[in-house]
file data.csv (CSV, C-alpha atoms)
chain,number,residue,atom,x,y,z
A,260,MET,CA,7.6,25.1,15.3
A,261,SER,CA,5.4,23.8,18.1
A,262,TYR,CA,4.8,20.3,19.5
A,263,ILE,CA,2.2,18.5,21.5
A,264,THR,CA,2.8,15.6,23.9
A,265,TYR,CA,1.8,12.3,22.4
A,266,THR,CA,-1.4,11.1,24.0
A,267,HIS,CA,-4.5,9.0,23.4
A,268,ASP,CA,-6.5,11.0,25.8
A,269,LEU,CA,-9.6,11.9,23.8
A,270,GLY,CA,-10.0,15.4,25.4
A,271,VAL,CA,-6.5,16.4,24.6
A,272,SER,CA,-6.5,14.9,21.1
A,273,LEU,CA,-9.8,16.6,20.3
A,274,GLY,CA,-8.3,19.9,21.3
A,275,PHE,CA,-5.3,19.2,19.1
A,276,ALA,CA,-7.6,18.2,16.2
A,277,TYR,CA,-9.3,21.6,16.4
A,278,GLU,CA,-5.9,23.4,16.6
A,279,LEU,CA,-4.9,21.6,13.4
A,280,PHE,CA,-8.2,22.4,11.7
A,281,TYR,CA,-8.0,26.2,12.6
A,282,ARG,CA,-4.4,26.4,11.3
A,283,ILE,CA,-5.1,24.7,8.0
A,284,LYS,CA,-8.0,27.1,7.6
A,285,ASP,CA,-5.6,30.0,8.1
A,286,LEU,CA,-3.5,28.6,5.3
A,287,GLY,CA,-6.5,28.9,3.0
A,288,ILE,CA,-7.3,25.2,2.8
A,289,ARG,CA,-11.0,25.1,2.1
A,290,TYR,CA,-13.7,23.0,3.7
A,291,MET,CA,-17.4,22.3,2.9
A,292,SER,CA,-20.1,21.6,5.5
A,293,MET,CA,-22.7,18.9,5.1
A,294,ARG,CA,-25.3,21.8,5.3
A,295,ASP,CA,-24.1,22.8,1.9
A,296,SER,CA,-25.9,21.1,-1.0
A,297,PHE,CA,-24.5,18.0,-2.6
A,298,ASP,CA,-27.3,17.7,-5.1
A,299,ILE,CA,-26.1,17.0,-8.6
A,300,SER,CA,-28.3,19.4,-10.6
A,301,LYS,CA,-26.5,18.8,-13.9
A,302,ARG,CA,-26.6,15.3,-15.4
A,303,LEU,CA,-23.1,14.1,-16.2
A,304,SER,CA,-22.3,10.9,-18.0
A,305,ILE,CA,-19.4,9.3,-16.1
A,306,GLY,CA,-17.7,6.0,-16.6
A,307,GLY,CA,-14.2,4.5,-16.9
A,308,ALA,CA,-12.3,1.7,-15.2
A,309,VAL,CA,-11.9,0.6,-11.6
A,310,ALA,CA,-8.9,-1.4,-10.3
A,311,ASP,CA,-8.0,-3.1,-7.1
A,312,ASP,CA,-5.4,-5.6,-6.0
A,313,SER,CA,-5.0,-8.2,-3.3
A,314,SER,CA,-1.8,-9.7,-1.9
A,315,ARG,CA,-1.2,-12.7,0.4
A,316,ILE,CA,1.9,-13.9,2.2
A,317,ILE,CA,2.0,-17.7,2.5
A,318,LYS,CA,5.1,-18.3,4.6
A,319,PRO,CA,8.3,-16.4,5.3
A,320,ARG,CA,11.7,-18.1,5.0
A,321,ILE,CA,15.2,-17.4,6.2
A,322,ILE,CA,18.0,-19.8,5.3
A,323,SER,CA,21.6,-19.4,6.4
A,324,SER,CA,24.4,-21.4,5.0
A,325,ASP,CA,27.0,-20.3,7.7
A,326,ALA,CA,27.6,-17.6,10.2
A,327,LYS,CA,28.5,-15.0,7.6
A,328,THR,CA,25.9,-15.7,4.9
A,329,ILE,CA,22.2,-15.2,5.1
A,330,THR,CA,19.4,-15.4,2.6
A,331,PHE,CA,16.0,-13.8,2.9
A,332,SER,CA,12.8,-14.4,1.0
A,333,ARG,CA,9.2,-15.2,1.4
A,334,ILE,CA,6.2,-16.0,-0.7
A,335,ARG,CA,3.9,-13.2,-1.6
A,336,PHE,CA,1.7,-13.0,-4.6
A,337,TRP,CA,-0.3,-10.1,-6.0
A,338,ILE,CA,-3.4,-10.4,-8.1
A,339,ALA,CA,-5.3,-7.4,-9.6
A,340,GLY,CA,-8.7,-6.9,-11.2
A,341,VAL,CA,-9.6,-4.2,-13.7
A,342,ALA,CA,-13.1,-3.7,-15.1
A,343,PRO,CA,-15.0,-0.9,-16.8
A,344,PHE,CA,-17.8,0.7,-14.9
A,345,SER,CA,-20.4,3.4,-15.3
A,346,ILE,CA,-22.3,5.8,-13.0
A,347,THR,CA,-26.0,6.6,-13.6
A,348,ILE,CA,-27.2,9.9,-12.1
A,349,SER,CA,-30.9,10.2,-11.4
A,350,ASP,CA,-33.2,12.0,-9.0
A,351,GLY,CA,-33.1,9.0,-6.8
A,352,GLY,CA,-29.3,9.1,-6.4
A,353,LEU,CA,-26.4,7.4,-8.1
A,354,GLY,CA,-26.3,3.9,-9.6
A,355,VAL,CA,-23.0,2.1,-10.2
A,356,ASP,CA,-22.6,-0.7,-12.7
A,357,VAL,CA,-19.4,-2.7,-12.8
A,358,TYR,CA,-19.2,-4.8,-16.0
A,359,TYR,CA,-18.2,-8.2,-14.8
A,360,ASP,CA,-18.2,-9.8,-18.2
A,361,LYS,CA,-15.3,-7.5,-19.2
A,362,LEU,CA,-13.3,-8.0,-16.0
A,363,GLN,CA,-9.5,-8.5,-16.6
A,364,PHE,CA,-7.2,-10.2,-14.1
A,365,LEU,CA,-3.5,-9.3,-13.8
A,366,PRO,CA,-1.2,-11.0,-14.5
A,367,GLU,CA,-3.1,-11.9,-17.7
A,368,ASP,CA,-2.5,-15.6,-17.2
A,369,PHE,CA,-4.9,-15.5,-14.3
A,370,GLU,CA,-7.5,-14.1,-16.6
A,371,LYS,CA,-7.0,-16.9,-19.1
A,372,GLY,CA,-7.1,-19.5,-16.3
A,373,ARG,CA,-3.4,-20.4,-16.8
A,374,PHE,CA,-2.6,-20.4,-13.1
A,375,GLU,CA,0.5,-22.5,-13.5
A,376,ILE,CA,2.2,-19.9,-15.8
A,377,ALA,CA,1.1,-17.0,-13.7
A,378,PHE,CA,2.5,-18.7,-10.5
A,379,ASN,CA,6.0,-18.7,-12.0
A,380,LYS,CA,5.8,-15.0,-12.7
A,381,ILE,CA,4.7,-13.4,-9.4
A,382,PHE,CA,4.6,-15.7,-6.4
A,383,ILE,CA,8.2,-15.3,-5.3
A,384,GLU,CA,9.3,-12.0,-3.8
A,385,PRO,CA,12.9,-10.9,-4.6
A,386,THR,CA,15.5,-12.9,-2.8
A,387,VAL,CA,18.3,-11.0,-1.0
A,388,ALA,CA,21.5,-12.9,-0.3
A,389,ILE,CA,24.2,-11.3,1.9
A,390,LYS,CA,27.7,-12.6,2.2
A,391,ASN,CA,30.1,-11.6,5.0
A,392,LEU,CA,27.2,-10.5,7.1
A,393,GLY,CA,29.5,-9.1,9.9
A,394,GLU,CA,30.8,-6.4,7.6
A,395,TYR,CA,27.5,-4.6,7.2
A,396,ASP,CA,25.3,-2.2,9.1
A,397,ILE,CA,22.1,-4.2,9.8
A,398,HIS,CA,20.0,-1.0,9.3
A,399,ALA,CA,21.4,-0.7,5.7
A,400,ILE,CA,20.5,-4.3,5.0
A,401,ILE,CA,16.9,-3.9,6.2
A,402,GLY,CA,16.7,-0.8,4.1
A,403,PHE,CA,17.8,-2.7,1.0
A,404,ILE,CA,15.3,-5.4,1.6
A,405,ARG,CA,12.5,-2.9,2.0
A,406,LYS,CA,13.6,-1.1,-1.1
A,407,ILE,CA,13.7,-4.2,-3.3
A,408,LYS,CA,10.3,-5.3,-2.2
A,409,GLY,CA,9.0,-1.8,-2.7
A,410,PHE,CA,10.1,-1.9,-6.3
A,411,ASP,CA,8.3,-5.1,-6.9
A,412,LYS,CA,5.0,-3.9,-5.4
A,413,THR,CA,5.3,-0.5,-7.1
A,414,GLU,CA,5.8,-2.1,-10.5
A,415,PHE,CA,2.7,-4.3,-10.0
A,416,THR,CA,0.6,-1.3,-9.0
A,417,GLN,CA,1.9,0.6,-12.0
A,418,MET,CA,0.8,-2.3,-14.3
A,419,MET,CA,-2.6,-2.2,-12.7
A,420,ILE,CA,-3.0,1.6,-13.1
A,421,SER,CA,-1.7,1.4,-16.7
A,422,ARG,CA,-4.3,-1.2,-17.6
A,423,ALA,CA,-7.1,0.9,-16.1
A,424,LEU,CA,-5.9,4.0,-17.9
A,425,GLU,CA,-6.0,2.1,-21.3
A,426,ILE,CA,-9.6,1.2,-20.7
A,427,ALA,CA,-10.5,4.7,-19.6
A,428,GLU,CA,-8.9,6.1,-22.8
A,429,LYS,CA,-10.9,3.8,-25.0
A,430,LEU,CA,-14.1,4.8,-23.2
A,431,SER,CA,-13.4,8.5,-23.0
A,432,SER,CA,-15.5,9.4,-26.1
A,433,SER,CA,-18.6,7.8,-24.5
A,434,TYR,CA,-18.6,10.0,-21.4
A,435,ASP,CA,-18.4,13.5,-20.2
A,436,ILE,CA,-15.7,12.4,-17.7
A,437,SER,CA,-13.8,9.1,-18.0
A,438,VAL,CA,-12.4,7.9,-14.6
A,439,VAL,CA,-9.4,5.8,-13.6
A,440,MET,CA,-10.4,4.7,-10.1
A,441,ILE,CA,-7.7,3.0,-8.0
A,442,ASP,CA,-7.9,1.4,-4.6
A,443,GLY,CA,-4.9,2.9,-2.9
A,444,SER,CA,-2.4,5.7,-3.6
A,445,ILE,CA,-1.5,6.7,-7.2
A,446,ILE,CA,1.9,8.0,-6.0
A,447,PRO,CA,4.9,5.5,-6.2
A,448,ALA,CA,5.6,4.0,-2.8
A,449,PHE,CA,9.4,4.0,-2.7
A,450,ILE,CA,10.2,7.8,-2.8
A,451,PRO,CA,12.2,8.1,0.5
A,452,GLU,CA,15.9,7.4,0.0
A,453,ILE,CA,17.8,4.8,2.0
A,454,TYR,CA,21.3,5.2,0.6
A,455,PHE,CA,22.8,7.3,3.4
A,456,SER,CA,23.1,4.3,5.7
A,457,MET,CA,25.4,2.5,3.2
A,458,LEU,CA,28.5,4.7,3.8
A,459,LYS,CA,30.1,2.2,6.2
A,460,SER,CA,30.2,-0.5,3.6
A,461,PHE,CA,30.1,1.6,0.4
A,462,GLU,CA,32.6,-0.3,-1.5
A,463,TYR,CA,30.5,-3.4,-1.3
A,464,PHE,CA,27.3,-1.6,-2.2
A,465,LEU,CA,28.5,0.5,-5.2
A,466,GLU,CA,27.3,-1.8,-7.9
A,467,PHE,CA,24.0,-2.4,-6.2
A,468,ILE,CA,23.4,1.3,-5.7
A,469,LYS,CA,23.9,2.0,-9.5
A,470,ILE,CA,21.4,-0.7,-10.4
A,471,MET,CA,18.9,0.5,-7.8
A,472,LEU,CA,19.1,4.1,-9.1
A,473,GLU,CA,18.5,3.0,-12.6
A,474,LYS,CA,15.6,0.8,-11.6
A,475,GLU,CA,14.2,3.8,-9.7
A,476,ARG,CA,14.5,6.0,-12.7
A,477,GLU,CA,12.7,3.6,-15.0
A,478,ILE,CA,9.8,3.3,-12.6
A,479,LEU,CA,9.5,7.0,-12.1
A,480,GLN,CA,9.5,7.6,-15.8
A,481,ARG,CA,6.6,5.2,-16.3
A,482,PHE,CA,4.6,7.0,-13.5
A,483,ILE,CA,5.2,10.5,-15.0
A,484,ASN,CA,4.2,9.1,-18.4
A,485,ILE,CA,0.9,8.0,-16.8
A,486,TYR,CA,0.3,11.4,-15.2
A,487,GLU,CA,1.0,13.2,-18.4
A,488,ARG,CA,-1.4,11.0,-20.4
A,489,VAL,CA,-4.1,11.9,-18.0
A,490,TYR,CA,-3.2,15.6,-17.9
A,491,GLY,CA,-3.1,15.8,-21.7
A,492,SER,CA,-6.3,13.8,-22.3
A,493,LYS,CA,-9.6,15.2,-23.3
A,494,ASN,CA,-11.6,14.3,-20.2
A,495,ILE,CA,-9.9,11.8,-18.0
A,496,VAL,CA,-9.6,12.0,-14.2
A,497,MET,CA,-7.4,9.6,-12.1
A,498,VAL,CA,-8.6,9.0,-8.5
A,499,GLY,CA,-6.8,7.1,-5.8
A,500,ALA,CA,-8.8,6.2,-2.6
A,501,ILE,CA,-6.8,5.5,0.6
A,502,LYS,CA,-8.9,3.9,3.3
A,503,LYS,CA,-6.3,3.9,6.0
A,504,SER,CA,-3.9,6.7,5.5
A,505,THR,CA,-0.8,7.2,7.6
A,506,ASP,CA,-0.3,10.7,6.1
A,507,LYS,CA,0.7,13.6,8.4
A,508,SER,CA,1.1,16.2,5.6
A,509,LEU,CA,-1.3,18.7,7.2
A,510,GLN,CA,0.5,18.5,10.5
A,511,ARG,CA,3.8,19.1,8.8
A,512,MET,CA,2.3,22.0,6.8
A,513,VAL,CA,1.3,23.9,9.9
A,514,GLY,CA,4.3,22.8,12.1
A,515,ILE,CA,2.5,20.9,14.9
A,516,PHE,CA,2.7,17.2,15.5
A,517,HIS,CA,0.8,14.4,17.2
A,518,GLU,CA,1.0,10.7,17.3
A,519,ASP,CA,-2.3,10.3,15.5
A,520,THR,CA,-2.5,10.7,11.7
A,521,ASP,CA,-4.2,13.6,9.9
A,522,GLN,CA,-7.1,11.2,9.0
A,523,GLU,CA,-7.6,10.2,12.7
A,524,LEU,CA,-7.5,13.8,13.9
A,525,LEU,CA,-9.8,15.3,11.2
A,526,GLU,CA,-12.4,12.6,11.8
A,527,ARG,CA,-13.1,14.1,15.3
A,528,VAL,CA,-13.5,17.6,13.9
A,529,MET,CA,-15.4,16.6,10.8
A,530,LYS,CA,-17.9,14.6,12.9
A,531,LYS,CA,-18.6,17.3,15.4
A,532,GLU,CA,-18.8,20.1,12.9
A,533,ASN,CA,-20.7,18.2,10.2
A,534,ILE,CA,-17.9,18.8,7.7
A,535,ALA,CA,-18.0,16.8,4.5
A,536,VAL,CA,-14.9,17.9,2.5
A,537,ILE,CA,-11.5,19.3,3.4
A,538,GLY,CA,-9.1,20.3,0.6
A,539,PRO,CA,-7.5,20.6,-1.9
A,540,PHE,CA,-4.0,20.4,-0.5
A,541,VAL,CA,-0.7,18.9,-1.7
A,542,LYS,CA,0.7,15.9,0.2
A,543,ARG,CA,4.2,15.9,1.5
A,544,ARG,CA,4.9,12.8,-0.6
A,545,VAL,CA,4.0,14.8,-3.7
A,546,PHE,CA,6.7,17.3,-2.8
A,547,GLU,CA,9.2,14.4,-2.3
A,548,LEU,CA,8.2,12.9,-5.6
A,549,ASN,CA,8.7,16.2,-7.4
A,550,ASN,CA,12.1,16.6,-5.9
A,551,VAL,CA,13.1,13.1,-7.2
A,552,LEU,CA,11.7,14.0,-10.6
A,553,ARG,CA,13.6,17.2,-10.7
A,554,ARG,CA,16.8,15.4,-9.8
A,555,ASN,CA,16.2,13.0,-12.7
A,556,ASN,CA,15.1,15.8,-15.1
A,557,MET,CA,11.6,14.4,-15.4
A,558,TYR,CA,9.6,17.0,-13.6
A,559,ASN,CA,6.6,18.5,-15.4
A,560,GLU,CA,5.3,21.6,-13.5
A,561,ASP,CA,1.9,21.5,-15.3
A,562,VAL,CA,1.0,18.1,-13.8
A,563,SER,CA,-0.3,18.2,-10.2
A,564,ILE,CA,-1.6,15.6,-7.8
A,565,ILE,CA,-4.0,17.1,-5.3
A,566,SER,CA,-5.6,15.5,-2.2
A,567,TYR,CA,-8.9,15.8,-0.2
A,568,TYR,CA,-10.5,14.3,2.8
A,569,MET,CA,-14.1,13.4,2.3
A,570,LYS,CA,-16.5,12.2,5.0
A,571,GLY,CA,-20.0,10.9,4.4
A,572,SER,CA,-22.6,10.1,7.1
A,573,TYR,CA,-22.0,10.6,10.8
A,574,ASP,CA,-20.5,7.2,11.5
A,575,MET,CA,-18.1,7.2,8.5
A,576,THR,CA,-14.4,7.9,8.8
A,577,PRO,CA,-12.8,10.4,6.4
A,578,LEU,CA,-11.4,9.0,3.1
A,579,GLN,CA,-8.2,10.4,1.7
A,580,LEU,CA,-8.5,10.9,-2.0
A,581,GLU,CA,-5.8,11.8,-4.6
A,582,PHE,CA,-6.6,13.3,-8.0
A,583,VAL,CA,-4.9,14.0,-11.3
A,584,PHE,CA,-7.2,16.0,-13.7
A,585,SER,CA,-7.1,16.5,-17.4
A,586,ARG,CA,-6.2,20.1,-18.2
A,587,ASN,CA,-9.4,20.2,-20.4
A,588,ILE,CA,-11.8,19.7,-17.5
A,589,ASP,CA,-12.9,23.2,-16.3
A,590,HIS,CA,-13.6,24.2,-12.7
A,591,GLU,CA,-17.3,23.9,-13.0
A,592,MET,CA,-17.0,20.3,-14.3
A,593,ARG,CA,-14.5,19.5,-11.6
A,594,ASP,CA,-16.9,20.7,-8.9
A,595,LEU,CA,-19.7,18.6,-10.3
A,596,PHE,CA,-17.4,15.6,-10.5
A,597,MET,CA,-16.3,16.0,-6.9
A,598,LYS,CA,-20.0,16.0,-5.9
A,599,VAL,CA,-20.3,12.7,-7.7
A,600,ILE,CA,-17.3,11.2,-5.9
A,601,TYR,CA,-18.8,12.4,-2.6
A,602,ASN,CA,-22.0,10.6,-3.3
A,603,LEU,CA,-20.1,7.3,-4.0
A,604,LEU,CA,-18.8,7.1,-0.4
A,605,ILE,CA,-19.9,3.9,1.4
A,606,LYS,CA,-18.6,1.7,4.3
A,607,ASP,CA,-16.9,-1.6,3.4
A,608,LYS,CA,-17.5,-4.7,5.5
A,609,PHE,CA,-14.7,-3.7,7.9
A,610,GLY,CA,-16.4,-0.3,8.5
A,611,ARG,CA,-13.8,1.7,6.5
A,612,THR,CA,-14.9,4.4,4.1
A,613,THR,CA,-14.4,3.7,0.5
A,614,LEU,CA,-15.9,4.3,-3.0
A,615,LYS,CA,-18.7,2.0,-4.2
A,616,PRO,CA,-17.0,0.8,-7.4
A,617,ILE,CA,-13.8,0.0,-5.4
A,618,ASP,CA,-15.8,-1.9,-2.8
A,619,ILE,CA,-17.4,-4.1,-5.5
A,620,MET,CA,-14.0,-4.8,-7.1
A,621,ASP,CA,-12.4,-5.4,-3.7
A,622,ARG,CA,-14.8,-8.2,-2.8
A,623,LEU,CA,-14.3,-10.0,-6.1
A,624,ILE,CA,-10.5,-9.8,-6.0
A,625,LYS,CA,-10.2,-11.0,-2.4
A,626,LYS,CA,-12.4,-14.0,-3.2
A,627,ARG,CA,-10.1,-15.0,-6.2
A,628,SER,CA,-6.9,-14.5,-4.2
A,629,LYS,CA,-8.2,-16.9,-1.5
A,630,ILE,CA,-8.8,-19.6,-4.1
A,631,ILE,CA,-5.3,-19.2,-5.6
A,632,GLU,CA,-3.7,-19.3,-2.1
A,633,LYS,CA,-5.5,-22.6,-1.3
A,634,VAL,CA,-4.6,-24.2,-4.6
A,635,TYR,CA,-0.9,-23.2,-4.7
A,636,LYS,CA,0.2,-23.0,-1.1
A,637,ALA,CA,2.1,-26.3,-1.0
A,638,LYS,CA,3.6,-25.8,-4.5
A,639,ALA,CA,4.7,-22.3,-3.6
A,640,GLU,CA,6.5,-23.5,-0.5
A,641,ARG,CA,8.3,-26.2,-2.4
A,642,GLU,CA,9.4,-23.8,-5.2
A,643,LEU,CA,10.6,-21.2,-2.8
A,644,TYR,CA,12.7,-23.8,-0.8
A,645,LYS,CA,14.3,-25.0,-4.1
A,646,LYS,CA,15.1,-21.4,-5.3
A,647,MET,CA,16.5,-20.5,-1.9
A,648,LYS,CA,18.9,-23.5,-1.9
A,649,GLU,CA,20.0,-22.7,-5.5
A,650,TYR,CA,21.1,-19.2,-4.5
A,651,GLU,CA,22.5,-20.2,-1.2
A,652,ASN,CA,24.8,-22.7,-3.0
A,653,LYS,CA,25.8,-20.0,-5.5
A,654,PHE,CA,27.0,-17.6,-2.9
A,655,THR,CA,28.6,-20.3,-0.7
A,656,ASN,CA,30.6,-21.5,-3.7
A,657,SER,CA,31.6,-18.0,-4.9
A,658,PRO,CA,34.2,-16.8,-2.3
A,659,ASP,CA,35.3,-13.8,-4.5
A,660,ARG,CA,31.9,-12.3,-4.5
A,661,LYS,CA,30.6,-10.4,-1.5
A,662,GLY,CA,27.8,-7.9,-1.0
A,663,VAL,CA,24.1,-7.7,-1.3
A,664,TYR,CA,22.5,-9.1,-4.5
A,665,PRO,CA,18.7,-9.1,-5.1
A,666,LEU,CA,17.2,-12.0,-7.1
A,667,TYR,CA,16.3,-9.9,-10.1
A,668,ILE,CA,19.9,-8.8,-10.5
A,669,LEU,CA,21.1,-12.5,-10.5
A,670,GLN,CA,18.5,-13.8,-12.9

call {"tool": "encode", "arguments": {"input": "data.csv", "output": "C-alpha cells"}}
result
Amino acid sequence: MSYITYTHDLGVSLGFAYELFYRIKDLGIRYMSMRDSFDISKRLSIGGAVADDSSRIIKPRIISSDAKTITFSRIRFWIAGVAPFSITISDGGLGVDVYYDKLQFLPEDFEKGRFEIAFNKIFIEPTVAIKNLGEYDIHAIIGFIRKIKGFDKTEFTQMMISRALEIAEKLSSSYDISVVMIDGSIIPAFIPEIYFSMLKSFEYFLEFIKIMLEKEREILQRFINIYERVYGSKNIVMVGAIKKSTDKSLQRMVGIFHEDTDQELLERVMKKENIAVIGPFVKRRVFELNNVLRRNNMYNEDVSIISYYMKGSYDMTPLQLEFVFSRNIDHEMRDLFMKVIYNLLIKDKFGRTTLKPIDIMDRLIKKRSKIIEKVYKAKAERELYKKMKEYENKFTNSPDRKGVYPLYILQ
C-alpha cells in the first residue's frame, strides 16, 4: 500500500489525481467522455417524487449543576418537503415540472399549518445528561453524543425517503421509470461503531449500549425494507445526490491516499480530459453497511447500492450519485435513465452541482425553514431552558443513578 504526502500544491495533487484515475481504470471502473453522445434517442416517460430537507441550529446550551454532572443539548429542527415531479423529454432537451400544489411538508403538522404542534415534536435535539463526569473517558462521551444525534437525523431522513417512495409507488403505473430522488445520501449515516472506547467505564454504559444496539437494529431494518421495496418493484429507481462528498472510497480501493476527497481529485482529471461519468463502483460505506446487516441477519445479497461521479459543463464540479434499481429495469433502460440523470445536472446558487428537481425543492424548503426559525426562535430557547432544568434536577436528586442517559430513554 502506497501513500502520498498531504499537500495542496496543485501540480502535485493533479499528478496524484491522474494516478488515482489510472488505477481505478485498471480495476475496471468505467468512464465516459463528453465526446460520447448523451442524446436521448428513445423517449422515456419519467416521473416520481423529489425530497429535500433543511435544518437549523438556533442556539447551543450546556448546563452543569455541579463539578461532576453536565448536561448537553441544543435546538435544531428539521423540516422536509416531498413533491411529485415529472420529466418531459423533447428534441429541445429536458423539461422538469415539480407539482407545488401536491407538496407535502414533514412533519405533517407543518403541512397543515399547525406549527405549534410540530414544534413540540422536532425542535429539541436529544439531551445527554452525564453524572460523575470524572469517571468517564471524554472521547467515549463525545462518541455517545454524536451517536444519539446521528440516530435522530437518520430517522428523520428515513421518514423523508419513505414518504417519497410512497408517492413514487403510487405513480409507478404512469411512467416507464418512477424515481425516488433524494438530496443527500440514501445510506444510513451512523454505520461506524463507537463502542470500543467505552471499555474503561463499561459497567456504567452497559444498559445504554443495549438500548443503542436495539435502536440501531430498528433503523437498519427500516432502511433495508426501503431498499427491498425498490428492488422488488416494477420500475422504481432510488437516487441520492451528494453535492459535497467527503468520500474516499476510490482511494481506499486502490491503496493510495491524499488529503483531498475523491470528488476533489476527480474534478481535476474530469475537467482536463472532458470526462462526463465515472462508475459504477461500490462505496466503502456500503461495505460497512453490509457488514452491519450481516451481523444482524438482515443482509440481502440481491440488493445493491452503486455509485457514480457525473460532471456536466466545464465549470461544474462532479456530483456523487447513489442508486438502487428495480430488478425489473434492464440494462438498456438503465443506460437511458443514466443519460436522463446526466442531462439534469445544473449548478445551484452556491456553484455546487446538483440535479434540477432537487434544486427546485431546495429553494422552497430553505425559504420555509427561515420563516419557522424567525417565528419560533424565542419560544424554542425558553422551552429548551425549561427542559434542561427539569433533567438537571432529576439527575441531581438521584444519587443512586450514574451513567449517560439520552433524553429519548428518559421520556

call {"tool": "residues_around", "arguments": {"input": "data.csv", "residues": "A:Lys493", "least_positions_apart": "4", "cutoff": "8 Å", "atoms": "all atoms listed in the file", "output": "compact mmCIF listing (two decimals) with C-alpha atoms, keeping the file's coordinate frame"}}
result
# COMPACT_ATOMS: atom_id res chain seq x y z
CA SER A 431 -13.40 8.50 -23.00
CA SER A 585 -7.10 16.50 -17.40
CA ARG A 586 -6.20 20.10 -18.20
CA ASN A 587 -9.40 20.20 -20.40
CA ILE A 588 -11.80 19.70 -17.50

call {"tool": "residues_near_point", "arguments": {"input": "data.csv", "point": "(-15.5, 20.1, -15.9)", "cutoff": "12 Å", "atoms": "all atoms listed in the file", "output": "ChimeraX atom specification"}}
result
/A:301,303-305,434-437,493-496,584-598

call {"tool": "residues_near_point", "arguments": {"input": "data.csv", "point": "(-16.4, 5.7, -1.5)", "cutoff": "7 Å", "atoms": "only C-alpha atoms", "output": "NGL selection string"}}
result
:A and (603-605 or 612-615)

call {"tool": "closest_residue", "arguments": {"input": "data.csv", "among": "A:Phe415, A:Tyr568, A:Phe582, A:Tyr601", "to": "A:Val489", "atoms": "all atoms listed in the file"}}
result
A:Phe582

call {"tool": "closest_residue", "arguments": {"input": "data.csv", "among": "A:Gly499, A:Gly306, A:Gly538, A:Pro447", "to": "A:Arg476", "atoms": "only C-alpha atoms"}}
result
A:Pro447

call {"tool": "atom_distance", "arguments": {"input": "data.csv", "atom1": "atom CA of A:Tyr573", "atom2": "atom CA of A:Gly274"}}
result
19.6 Å

call {"tool": "atom_distance", "arguments": {"input": "data.csv", "atom1": "atom CA of A:Ala427", "atom2": "atom CA of A:Leu362"}}
result
13.5 Å

call {"tool": "closest_residue", "arguments": {"input": "data.csv", "among": "A:Ser492, A:Ser421, A:Asn602, A:Gln522", "to": "A:Asp298", "atoms": "all atoms listed in the file"}}
result
A:Asn602

call {"tool": "closest_residue", "arguments": {"input": "data.csv", "among": "A:Arg611, A:Lys284, A:Lys625, A:Arg481", "to": "A:Ser504", "atoms": "all atoms listed in the file"}}
result
A:Arg611

call {"tool": "closest_residue", "arguments": {"input": "data.csv", "among": "A:Asp574, A:Asp311, A:Asp621, A:Asp285", "to": "A:Leu365", "atoms": "only C-alpha atoms"}}
result
A:Asp311

call {"tool": "atom_distance", "arguments": {"input": "data.csv", "atom1": "atom CA of A:Ile288", "atom2": "atom CA of A:Gly491"}}
result
26.6 Å

call {"tool": "residues_around", "arguments": {"input": "data.csv", "residues": "A:Met293", "least_positions_apart": "4", "cutoff": "9 Å", "atoms": "all atoms listed in the file", "output": "list of chain:residue names"}}
result
A:Phe297, A:Glu532, A:Asn533, A:Ile534, A:Ala535, A:Val536, A:Gly571

call {"tool": "closest_residue", "arguments": {"input": "data.csv", "among": "A:Ala339, A:Leu479, A:Ile537, A:Ile624", "to": "A:Arg554", "atoms": "all atoms listed in the file"}}
result
A:Leu479

call {"tool": "residues_around", "arguments": {"input": "data.csv", "residues": "A:Arg544", "least_positions_apart": "6", "cutoff": "12 Å", "atoms": "only C-alpha atoms", "output": "PyMOL selection string"}}
result
chain A and resi 444-451+505-509+511+550-551+564-566+581
